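This is target_11.cif (mmCIF, C-alpha atoms).
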data_data
#
loop_
_atom_site.group_PDB
_atom_site.id
_atom_site.type_symbol
_atom_site.label_atom_id
_atom_site.label_comp_id
_atom_site.auth_asym_id
_atom_site.auth_seq_id
_atom_site.Cartn_x
_atom_site.Cartn_y
_atom_site.Cartn_z
ATOM 1 C CA MET A 1 0.000 0.000 0.000
ATOM 2 C CA GLY A 2 2.896 2.315 0.669
ATOM 3 C CA VAL A 3 4.103 1.816 -2.891
ATOM 4 C CA HIS A 4 0.658 2.787 -4.183
ATOM 5 C CA VAL A 5 0.663 5.893 -1.988
ATOM 6 C CA GLY A 6 4.196 7.157 -2.614
ATOM 7 C CA GLY A 7 5.519 5.294 -5.634
ATOM 8 C CA LYS A 8 5.146 8.148 -8.111
ATOM 9 C CA VAL A 9 6.408 10.692 -5.586
ATOM 10 C CA SER A 10 9.643 9.231 -4.216
ATOM 11 C CA GLY A 11 9.834 5.625 -5.354
ATOM 12 C CA ALA A 12 8.419 4.571 -1.971
ATOM 13 C CA HIS A 13 11.611 2.932 -0.738
ATOM 14 C CA MET A 14 10.530 2.945 2.939
ATOM 15 C CA ASN A 15 13.764 1.092 3.693
ATOM 16 C CA GLY A 16 17.190 2.586 4.375
ATOM 17 C CA ALA A 17 18.945 -0.470 2.944
ATOM 18 C CA VAL A 18 17.079 -0.039 -0.351
ATOM 19 C CA SER A 19 17.877 3.676 -0.518
ATOM 20 C CA PHE A 20 21.558 3.092 0.290
ATOM 21 C CA THR A 21 21.828 0.348 -2.331
ATOM 22 C CA MET A 22 20.167 2.502 -4.966
ATOM 23 C CA CYS A 23 22.757 5.217 -4.228
ATOM 24 C CA VAL A 24 25.637 2.730 -4.529
ATOM 25 C CA PHE A 25 24.397 1.649 -7.967
ATOM 26 C CA GLY A 26 23.660 5.150 -9.196
ATOM 27 C CA ARG A 27 19.869 4.914 -9.152
ATOM 28 C CA LEU A 28 19.418 7.534 -6.449
ATOM 29 C CA ALA A 29 21.527 10.652 -5.938
ATOM 30 C CA TRP A 30 23.665 10.509 -2.778
ATOM 31 C CA LYS A 31 22.461 13.957 -1.781
ATOM 32 C CA MET A 32 18.958 12.514 -1.448
ATOM 33 C CA LEU A 33 20.004 9.744 0.958
ATOM 34 C CA PRO A 34 19.902 11.830 4.176
ATOM 35 C CA LEU A 35 16.420 13.099 3.277
ATOM 36 C CA TYR A 36 15.149 9.602 2.513
ATOM 37 C CA VAL A 37 16.630 8.134 5.694
ATOM 38 C CA PHE A 38 15.261 10.972 7.822
ATOM 39 C CA ALA A 39 11.791 10.501 6.354
ATOM 40 C CA GLN A 40 11.976 6.741 6.925
ATOM 41 C CA LEU A 41 13.076 7.215 10.537
ATOM 42 C CA LEU A 42 10.376 9.779 11.198
ATOM 43 C CA GLY A 43 7.678 7.653 9.587
ATOM 44 C CA SER A 44 8.731 4.555 11.535
ATOM 45 C CA PHE A 45 8.854 6.461 14.815
ATOM 46 C CA LEU A 46 5.414 7.956 14.266
ATOM 47 C CA ALA A 47 4.042 4.575 13.202
ATOM 48 C CA ALA A 48 5.309 3.023 16.437
ATOM 49 C CA GLY A 49 3.679 5.819 18.385
ATOM 50 C CA THR A 50 0.422 5.294 16.529
ATOM 51 C CA ILE A 51 0.371 1.559 17.273
ATOM 52 C CA TYR A 52 1.214 2.253 20.914
ATOM 53 C CA GLY A 53 -1.666 4.714 21.168
ATOM 54 C CA VAL A 54 -4.209 2.503 19.421
ATOM 55 C CA TYR A 55 -3.287 -0.613 21.415
ATOM 56 C CA TYR A 56 -2.303 1.093 24.688
ATOM 57 C CA GLU A 57 -5.042 -0.560 26.732
ATOM 58 C CA ALA A 58 -4.521 -3.952 25.099
ATOM 59 C CA ILE A 59 -0.784 -3.853 25.799
ATOM 60 C CA TYR A 60 -1.281 -2.915 29.436
ATOM 61 C CA ASP A 61 -4.014 -5.505 29.894
ATOM 62 C CA TYR A 62 -1.742 -8.191 28.458
ATOM 63 C CA CYS A 63 1.386 -7.362 30.471
ATOM 64 C CA GLY A 64 -0.241 -5.939 33.585
ATOM 65 C CA GLY A 65 1.550 -2.643 33.141
ATOM 66 C CA ASN A 66 4.993 -4.278 33.250
ATOM 67 C CA LEU A 67 6.632 -3.348 29.952
ATOM 68 C CA THR A 68 9.342 -5.927 29.319
ATOM 69 C CA VAL A 69 11.582 -6.972 26.435
ATOM 70 C CA THR A 70 11.924 -10.643 27.385
ATOM 71 C CA GLY A 71 9.826 -13.119 29.298
ATOM 72 C CA ALA A 72 6.394 -14.680 29.004
ATOM 73 C CA ARG A 73 4.631 -11.302 28.802
ATOM 74 C CA ALA A 74 7.205 -9.420 26.724
ATOM 75 C CA THR A 75 5.738 -6.794 24.395
ATOM 76 C CA ALA A 76 8.749 -4.958 22.942
ATOM 77 C CA GLY A 77 8.728 -7.352 19.983
ATOM 78 C CA ILE A 78 5.552 -5.670 18.757
ATOM 79 C CA PHE A 79 7.684 -2.724 17.658
ATOM 80 C CA ALA A 80 11.200 -3.935 16.811
ATOM 81 C CA THR A 81 12.964 -7.210 16.100
ATOM 82 C CA TYR A 82 14.769 -9.355 18.666
ATOM 83 C CA PRO A 83 16.748 -12.576 18.185
ATOM 84 C CA ALA A 84 15.493 -16.013 19.150
ATOM 85 C CA PRO A 85 17.138 -17.353 22.348
ATOM 86 C CA TYR A 86 19.359 -19.733 20.371
ATOM 87 C CA LEU A 87 20.656 -17.141 17.898
ATOM 88 C CA SER A 88 24.199 -15.768 18.235
ATOM 89 C CA LEU A 89 25.136 -12.295 17.055
ATOM 90 C CA MET A 90 27.247 -13.706 14.219
ATOM 91 C CA ALA A 91 24.473 -15.993 12.994
ATOM 92 C CA GLY A 92 21.988 -13.138 13.291
ATOM 93 C CA PHE A 93 24.272 -10.860 11.297
ATOM 94 C CA VAL A 94 24.513 -13.450 8.525
ATOM 95 C CA ASP A 95 20.736 -13.915 8.686
ATOM 96 C CA GLN A 96 20.149 -10.210 8.102
ATOM 97 C CA VAL A 97 22.759 -9.935 5.356
ATOM 98 C CA PHE A 98 21.255 -12.912 3.544
ATOM 99 C CA GLY A 99 17.636 -11.807 3.939
ATOM 100 C CA THR A 100 18.303 -8.274 2.729
ATOM 101 C CA GLY A 101 20.494 -9.614 -0.052
ATOM 102 C CA MET A 102 17.577 -11.685 -1.301
ATOM 103 C CA LEU A 103 15.320 -8.635 -1.076
ATOM 104 C CA LEU A 104 17.553 -6.417 -3.201
ATOM 105 C CA LEU A 105 18.479 -9.156 -5.658
ATOM 106 C CA CYS A 106 14.796 -9.718 -6.352
ATOM 107 C CA LEU A 107 13.996 -5.993 -6.449
ATOM 108 C CA MET A 108 16.693 -5.570 -9.085
ATOM 109 C CA ALA A 109 15.090 -8.365 -11.100
ATOM 110 C CA LEU A 110 11.605 -6.892 -10.739
ATOM 111 C CA SER A 111 12.834 -3.564 -12.124
ATOM 112 C CA ASP A 112 15.134 -4.921 -14.874
ATOM 113 C CA GLN A 113 13.536 -3.925 -18.156
ATOM 114 C CA LYS A 114 15.863 -6.231 -20.107
ATOM 115 C CA ASN A 115 14.772 -9.287 -18.159
ATOM 116 C CA LYS A 116 11.280 -10.218 -16.932
ATOM 117 C CA PRO A 117 10.209 -7.219 -14.850
ATOM 118 C CA ALA A 118 6.973 -6.947 -12.945
ATOM 119 C CA ALA A 119 4.152 -5.887 -15.263
ATOM 120 C CA ALA A 120 3.334 -2.192 -15.165
ATOM 121 C CA GLY A 121 0.987 -1.539 -12.292
ATOM 122 C CA SER A 122 1.710 -4.831 -10.551
ATOM 123 C CA GLU A 123 4.911 -3.696 -8.816
ATOM 124 C CA PRO A 124 3.279 -3.057 -5.415
ATOM 125 C CA VAL A 125 1.786 -6.546 -5.312
ATOM 126 C CA ALA A 126 5.055 -8.134 -6.468
ATOM 127 C CA VAL A 127 7.083 -6.278 -3.839
ATOM 128 C CA GLY A 128 4.546 -7.115 -1.135
ATOM 129 C CA LEU A 129 4.640 -10.799 -2.029
ATOM 130 C CA LEU A 130 8.442 -10.709 -2.059
ATOM 131 C CA VAL A 131 8.580 -9.329 1.483
ATOM 132 C CA LEU A 132 5.946 -11.851 2.588
ATOM 133 C CA LEU A 133 8.006 -14.688 1.099
ATOM 134 C CA ILE A 134 11.160 -13.514 2.877
ATOM 135 C CA GLY A 135 9.228 -13.289 6.132
ATOM 136 C CA ILE A 136 7.777 -16.773 5.816
ATOM 137 C CA SER A 137 11.078 -18.379 4.872
ATOM 138 C CA LEU A 138 13.568 -16.345 6.932
ATOM 139 C CA GLY A 139 11.583 -14.818 9.779
ATOM 140 C CA SER A 140 11.976 -17.326 12.609
ATOM 141 C CA ASN A 141 15.530 -16.406 13.639
ATOM 142 C CA SER A 142 14.982 -12.747 14.430
ATOM 143 C CA GLY A 143 11.796 -11.438 12.847
ATOM 144 C CA TYR A 144 13.423 -10.495 9.501
ATOM 145 C CA ALA A 145 14.026 -6.778 9.996
ATOM 146 C CA ILE A 146 15.785 -6.412 6.583
ATOM 147 C CA ASN A 147 15.256 -2.688 7.114
ATOM 148 C CA PRO A 148 17.485 -0.587 9.399
ATOM 149 C CA THR A 149 15.264 2.478 9.590
ATOM 150 C CA ARG A 150 12.123 0.467 10.285
ATOM 151 C CA ASP A 151 13.873 -1.273 13.201
ATOM 152 C CA ILE A 152 15.866 1.427 14.984
ATOM 153 C CA ALA A 153 13.215 4.147 15.113
ATOM 154 C CA PRO A 154 10.537 2.005 16.838
ATOM 155 C CA ARG A 155 13.271 0.677 19.148
ATOM 156 C CA VAL A 156 14.074 4.233 20.219
ATOM 157 C CA PHE A 157 10.358 4.878 20.706
ATOM 158 C CA THR A 158 10.009 1.877 23.025
ATOM 159 C CA ALA A 159 13.035 3.015 25.028
ATOM 160 C CA ILE A 160 11.295 6.349 25.573
ATOM 161 C CA ALA A 161 7.800 4.919 26.107
ATOM 162 C CA GLY A 162 8.658 2.738 29.084
ATOM 163 C CA TRP A 163 10.595 -0.336 28.000
ATOM 164 C CA GLY A 164 13.849 1.410 28.857
ATOM 165 C CA ALA A 165 17.421 0.588 27.946
ATOM 166 C CA ASP A 166 16.685 -3.143 27.816
ATOM 167 C CA VAL A 167 15.634 -2.664 24.178
ATOM 168 C CA PHE A 168 19.335 -2.061 23.451
ATOM 169 C CA ARG A 169 20.788 -4.592 25.908
ATOM 170 C CA CYS A 170 18.612 -7.554 24.945
ATOM 171 C CA GLY A 171 20.132 -10.322 22.826
ATOM 172 C CA ASN A 172 23.713 -9.423 23.773
ATOM 173 C CA GLY A 173 23.250 -5.945 22.347
ATOM 174 C CA TRP A 174 21.313 -7.086 19.284
ATOM 175 C CA TRP A 175 20.132 -3.598 18.302
ATOM 176 C CA TRP A 176 23.079 -2.823 15.989
ATOM 177 C CA VAL A 177 22.687 -5.980 13.856
ATOM 178 C CA PRO A 178 19.492 -4.915 11.986
ATOM 179 C CA LEU A 179 21.058 -1.470 11.661
ATOM 180 C CA VAL A 180 24.361 -2.504 10.063
ATOM 181 C CA ALA A 181 23.752 -5.854 8.343
ATOM 182 C CA PRO A 182 20.879 -4.923 5.954
ATOM 183 C CA PRO A 183 22.797 -2.222 4.009
ATOM 184 C CA ILE A 184 25.678 -4.667 3.538
ATOM 185 C CA GLY A 185 23.312 -7.403 2.410
ATOM 186 C CA GLY A 186 21.485 -5.037 0.089
ATOM 187 C CA VAL A 187 24.655 -4.033 -1.747
ATOM 188 C CA LEU A 188 25.804 -7.655 -1.972
ATOM 189 C CA GLY A 189 22.443 -8.889 -3.297
ATOM 190 C CA ALA A 190 22.106 -6.136 -5.868
ATOM 191 C CA GLY A 191 25.753 -6.578 -6.821
ATOM 192 C CA LEU A 192 25.262 -10.290 -7.422
ATOM 193 C CA TYR A 193 22.344 -9.578 -9.727
ATOM 194 C CA LYS A 194 24.273 -6.934 -11.619
ATOM 195 C CA VAL A 195 27.415 -9.066 -12.036
ATOM 196 C CA PHE A 196 25.739 -12.351 -12.961
ATOM 197 C CA VAL A 197 22.639 -11.133 -14.820
ATOM 198 C CA GLU A 198 22.377 -7.463 -15.711
ATOM 199 C CA LEU A 199 25.868 -7.044 -17.172
ATOM 200 C CA HIS A 200 25.270 -9.957 -19.529
ATOM 201 C CA HIS A 201 22.084 -8.734 -21.181
ATOM 202 C CA PRO A 202 22.318 -8.419 -24.967
ATOM 203 C CA PRO A 203 21.324 -5.062 -26.461
ATOM 204 C CA LEU A 204 17.577 -4.619 -26.670
ATOM 205 C CA SER A 205 17.866 -4.577 -30.466
ATOM 206 C CA GLU A 206 18.901 -8.245 -30.283
ATOM 207 C CA GLN A 207 15.841 -8.962 -28.151
ATOM 208 C CA GLY A 208 13.474 -7.456 -30.660
ATOM 209 C CA GLY A 209 13.309 -4.063 -28.977
ATOM 210 C CA GLU A 210 14.792 -0.656 -29.608
ATOM 211 C CA PRO A 211 18.467 -0.140 -28.704
ATOM 212 C CA VAL A 212 19.184 1.990 -25.675
ATOM 213 C CA GLU A 213 22.356 3.589 -24.408
ATOM 214 C CA GLU A 214 21.785 3.121 -20.666
ATOM 215 C CA GLU A 215 21.829 -0.106 -18.701
ATOM 216 C CA SER A 216 18.991 1.006 -16.459
ATOM 217 C CA LEU A 217 15.861 3.090 -16.546
ATOM 218 C CA PRO A 218 16.044 6.828 -15.949
ATOM 219 C CA LEU A 219 16.291 7.550 -12.240
ATOM 220 C CA GLU A 220 12.745 8.749 -11.744
ATOM 221 C CA LYS A 221 11.293 5.629 -13.387
ATOM 222 C CA GLU A 222 13.705 3.255 -11.642
ATOM 223 C CA GLN A 223 12.745 4.655 -8.269
ATOM 224 C CA ASN A 224 9.107 3.920 -8.901
ATOM 225 C CA ILE A 225 9.738 0.191 -9.088
ATOM 226 C CA SER A 226 12.853 -0.199 -6.932
ATOM 227 C CA SER A 227 10.659 -0.012 -3.873
ATOM 228 C CA ASN A 228 10.077 -1.928 -0.675
ATOM 229 C CA VAL A 229 7.341 -2.072 1.896
ATOM 230 C CA CYS A 230 7.854 -1.644 5.615
ATOM 231 C CA VAL A 231 7.802 -4.923 7.416
#

Give the structure from the file, written as structure tokens.
Amino acid sequence: MGVHVGGKVSGAHMNGAVSFTMCVFGRLAWKMLPLYVFAQLLGSFLAAGTIYGVYYEAIYDYCGGNLTVTGARATAGIFATYPAPYLSLMAGFVDQVFGTGMLLLCLMALSDQKNKPAAAGSEPVAVGLLVLLIGISLGSNSGYAINPTRDIAPRVFTAIAGWGADVFRCGNGWWWVPLVAPPIGGVLGAGLYKVFVELHHPPLSEQGGEPVEEESLPLEKEQNISSNVCV
């Protein structure tokens, strides 16, 4: 739905790892990155506040007013991701790199006009299904953040709203993993697609289309389909 709302305005990235990767590959100007990241952080923080307000009574009824990060009545996981008890920091880091790598690899494919891109108008559904698939297949370890801005801003909100510093201490200091690993995974995933697929496309004239000089769409069009939904 976010892609429908903002796709023609900004590309509707809604994910700092996507925005950073698009900058690395020249599909978004670097000067726009701080603005995109700020907007993503602000939107995620306000979204966390909205959920807290709407479900305030339900949360307090469930936990008895004891806002905790771990335990049988923990509620911090409503807002940000936390690792499963068995997950080490190294394994969690790999998990986030791999999950975000899959996200960006597939987003590159969905927007590649020389391959089999998503049909015009179907991009929001395709991106939504992609995120759903990643969640179903890779979500059990740590909730599949695959989005640094979506994770850190609600985490800060919970620290302010009553959960305290435990949101940063939990999971052996887990908080930095979904902040650092997704941008790395995004660049690796998009890089794999570019190296093994995109760079080997024949000219469009050999595919029955008109020849073009650029490997990718113009920036404003590429942004519209290189998008991700908040998870």

What does the structure give for the distance between atom CA of Thr149 of chain A and atom CA of Leu89 of chain A, in Å to one decimal?
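These two atoms are separated by 19.3 Å.
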
Got a sec to resolve the PyMOL selection byres ((chain A and resi 79) around 10) on this structure and send the residues as a compact mmCIF listing (two decimals) with C-alpha atoms, keeping the file's coordinate frame?
# COMPACT_ATOMS: atom_id res chain seq x y z
CA SER A 44 8.73 4.56 11.54
CA PHE A 45 8.85 6.46 14.82
CA ALA A 47 4.04 4.58 13.20
CA ALA A 48 5.31 3.02 16.44
CA GLY A 49 3.68 5.82 18.39
CA ILE A 51 0.37 1.56 17.27
CA TYR A 52 1.21 2.25 20.91
CA THR A 75 5.74 -6.79 24.40
CA ALA A 76 8.75 -4.96 22.94
CA GLY A 77 8.73 -7.35 19.98
CA ILE A 78 5.55 -5.67 18.76
CA ALA A 80 11.20 -3.94 16.81
CA THR A 81 12.96 -7.21 16.10
CA TYR A 82 14.77 -9.36 18.67
CA ARG A 150 12.12 0.47 10.28
CA ASP A 151 13.87 -1.27 13.20
CA ILE A 152 15.87 1.43 14.98
CA ALA A 153 13.22 4.15 15.11
CA PRO A 154 10.54 2.00 16.84
CA ARG A 155 13.27 0.68 19.15
CA VAL A 156 14.07 4.23 20.22
CA PHE A 157 10.36 4.88 20.71
CA THR A 158 10.01 1.88 23.02

Pro124 of chain A proximity check over A:Phe25, A:Gly92, A:Gly191, A:Leu110, using only C-alpha atoms: winner is A:Leu110

Between atom CA of Gln40 of chain A and atom CA of Glu198 of chain A, what is the spacing in Å?
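For atom CA of Glu198 of chain A relative to atom CA of Gln40 of chain A, the distance reads 28.7 Å.
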
What gap, in Å, lies between atom CA of Ala165 of chain A and atom CA of Leu138 of chain A?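 Separating atom CA of Ala165 of chain A from atom CA of Leu138 of chain A is a distance of 27.3 Å.
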
Selection: 12 Å around Asn172 of chain A, all atoms listed in the file, excl. self and same-chain fewer than 2 positions, as a VMD selection string = chain A and resid 82 to 90 92 166 to 170 174 to 177

Would you kindly place N, CA and C atoms on segment 169-192 of chain A and return the model as a CSV table (one decimal), in the frame of the given file?
chain,number,residue,atom,x,y,z
A,169,ARG,N,20.0,-3.6,25.3
A,169,ARG,CA,20.8,-4.6,25.9
A,169,ARG,C,20.4,-6.0,25.5
A,170,CYS,N,19.1,-6.2,25.2
A,170,CYS,CA,18.6,-7.6,24.9
A,170,CYS,C,19.3,-8.2,23.8
A,171,GLY,N,19.5,-9.6,23.9
A,171,GLY,CA,20.1,-10.3,22.8
A,171,GLY,C,21.6,-10.0,22.7
A,172,ASN,N,22.3,-9.8,23.8
A,172,ASN,CA,23.7,-9.4,23.8
A,172,ASN,C,24.0,-8.2,23.0
A,173,GLY,N,23.1,-7.2,23.1
A,173,GLY,CA,23.2,-5.9,22.3
A,173,GLY,C,22.9,-6.1,20.9
A,174,TRP,N,21.8,-6.8,20.6
A,174,TRP,CA,21.3,-7.1,19.3
A,174,TRP,C,21.0,-5.9,18.4
A,175,TRP,N,20.7,-4.7,19.0
A,175,TRP,CA,20.1,-3.6,18.3
A,175,TRP,C,20.9,-3.2,17.1
A,176,TRP,N,22.3,-3.3,17.1
A,176,TRP,CA,23.1,-2.8,16.0
A,176,TRP,C,23.0,-3.7,14.8
A,177,VAL,N,22.7,-5.0,15.0
A,177,VAL,CA,22.7,-6.0,13.9
A,177,VAL,C,21.7,-5.6,12.7
A,178,PRO,N,20.4,-5.3,13.1
A,178,PRO,CA,19.5,-4.9,12.0
A,178,PRO,C,19.8,-3.5,11.5
A,179,LEU,N,20.7,-2.8,12.1
A,179,LEU,CA,21.1,-1.5,11.7
A,179,LEU,C,22.2,-1.5,10.7
A,180,VAL,N,23.1,-2.4,10.9
A,180,VAL,CA,24.4,-2.5,10.1
A,180,VAL,C,24.3,-3.6,9.0
A,181,ALA,N,23.7,-4.7,9.3
A,181,ALA,CA,23.8,-5.9,8.3
A,181,ALA,C,22.9,-5.6,7.1
A,182,PRO,N,21.7,-5.1,7.2
A,182,PRO,CA,20.9,-4.9,6.0
A,182,PRO,C,21.5,-4.1,4.8
A,183,PRO,N,22.2,-2.9,5.1
A,183,PRO,CA,22.8,-2.2,4.0
A,183,PRO,C,23.9,-3.0,3.3
A,184,ILE,N,24.6,-3.8,4.1
A,184,ILE,CA,25.7,-4.7,3.5
A,184,ILE,C,25.0,-5.7,2.7
A,185,GLY,N,24.0,-6.4,3.2
A,185,GLY,CA,23.3,-7.4,2.4
A,185,GLY,C,22.7,-6.8,1.2
A,186,GLY,N,22.1,-5.6,1.3
A,186,GLY,CA,21.5,-5.0,0.1
A,186,GLY,C,22.5,-4.8,-1.0
A,187,VAL,N,23.6,-4.3,-0.7
A,187,VAL,CA,24.7,-4.0,-1.7
A,187,VAL,C,25.2,-5.4,-2.3
A,188,LEU,N,25.3,-6.4,-1.5
A,188,LEU,CA,25.8,-7.7,-2.0
A,188,LEU,C,24.8,-8.3,-2.9
A,189,GLY,N,23.5,-8.3,-2.5
A,189,GLY,CA,22.4,-8.9,-3.3
A,189,GLY,C,22.3,-8.2,-4.6
A,190,ALA,N,22.2,-6.9,-4.6
A,190,ALA,CA,22.1,-6.1,-5.9
A,190,ALA,C,23.4,-6.3,-6.7
A,191,GLY,N,24.5,-6.4,-6.1
A,191,GLY,CA,25.8,-6.6,-6.8
A,191,GLY,C,25.8,-7.9,-7.5
A,192,LEU,N,25.3,-9.0,-6.8
A,192,LEU,CA,25.3,-10.3,-7.4
A,192,LEU,C,24.4,-10.3,-8.7
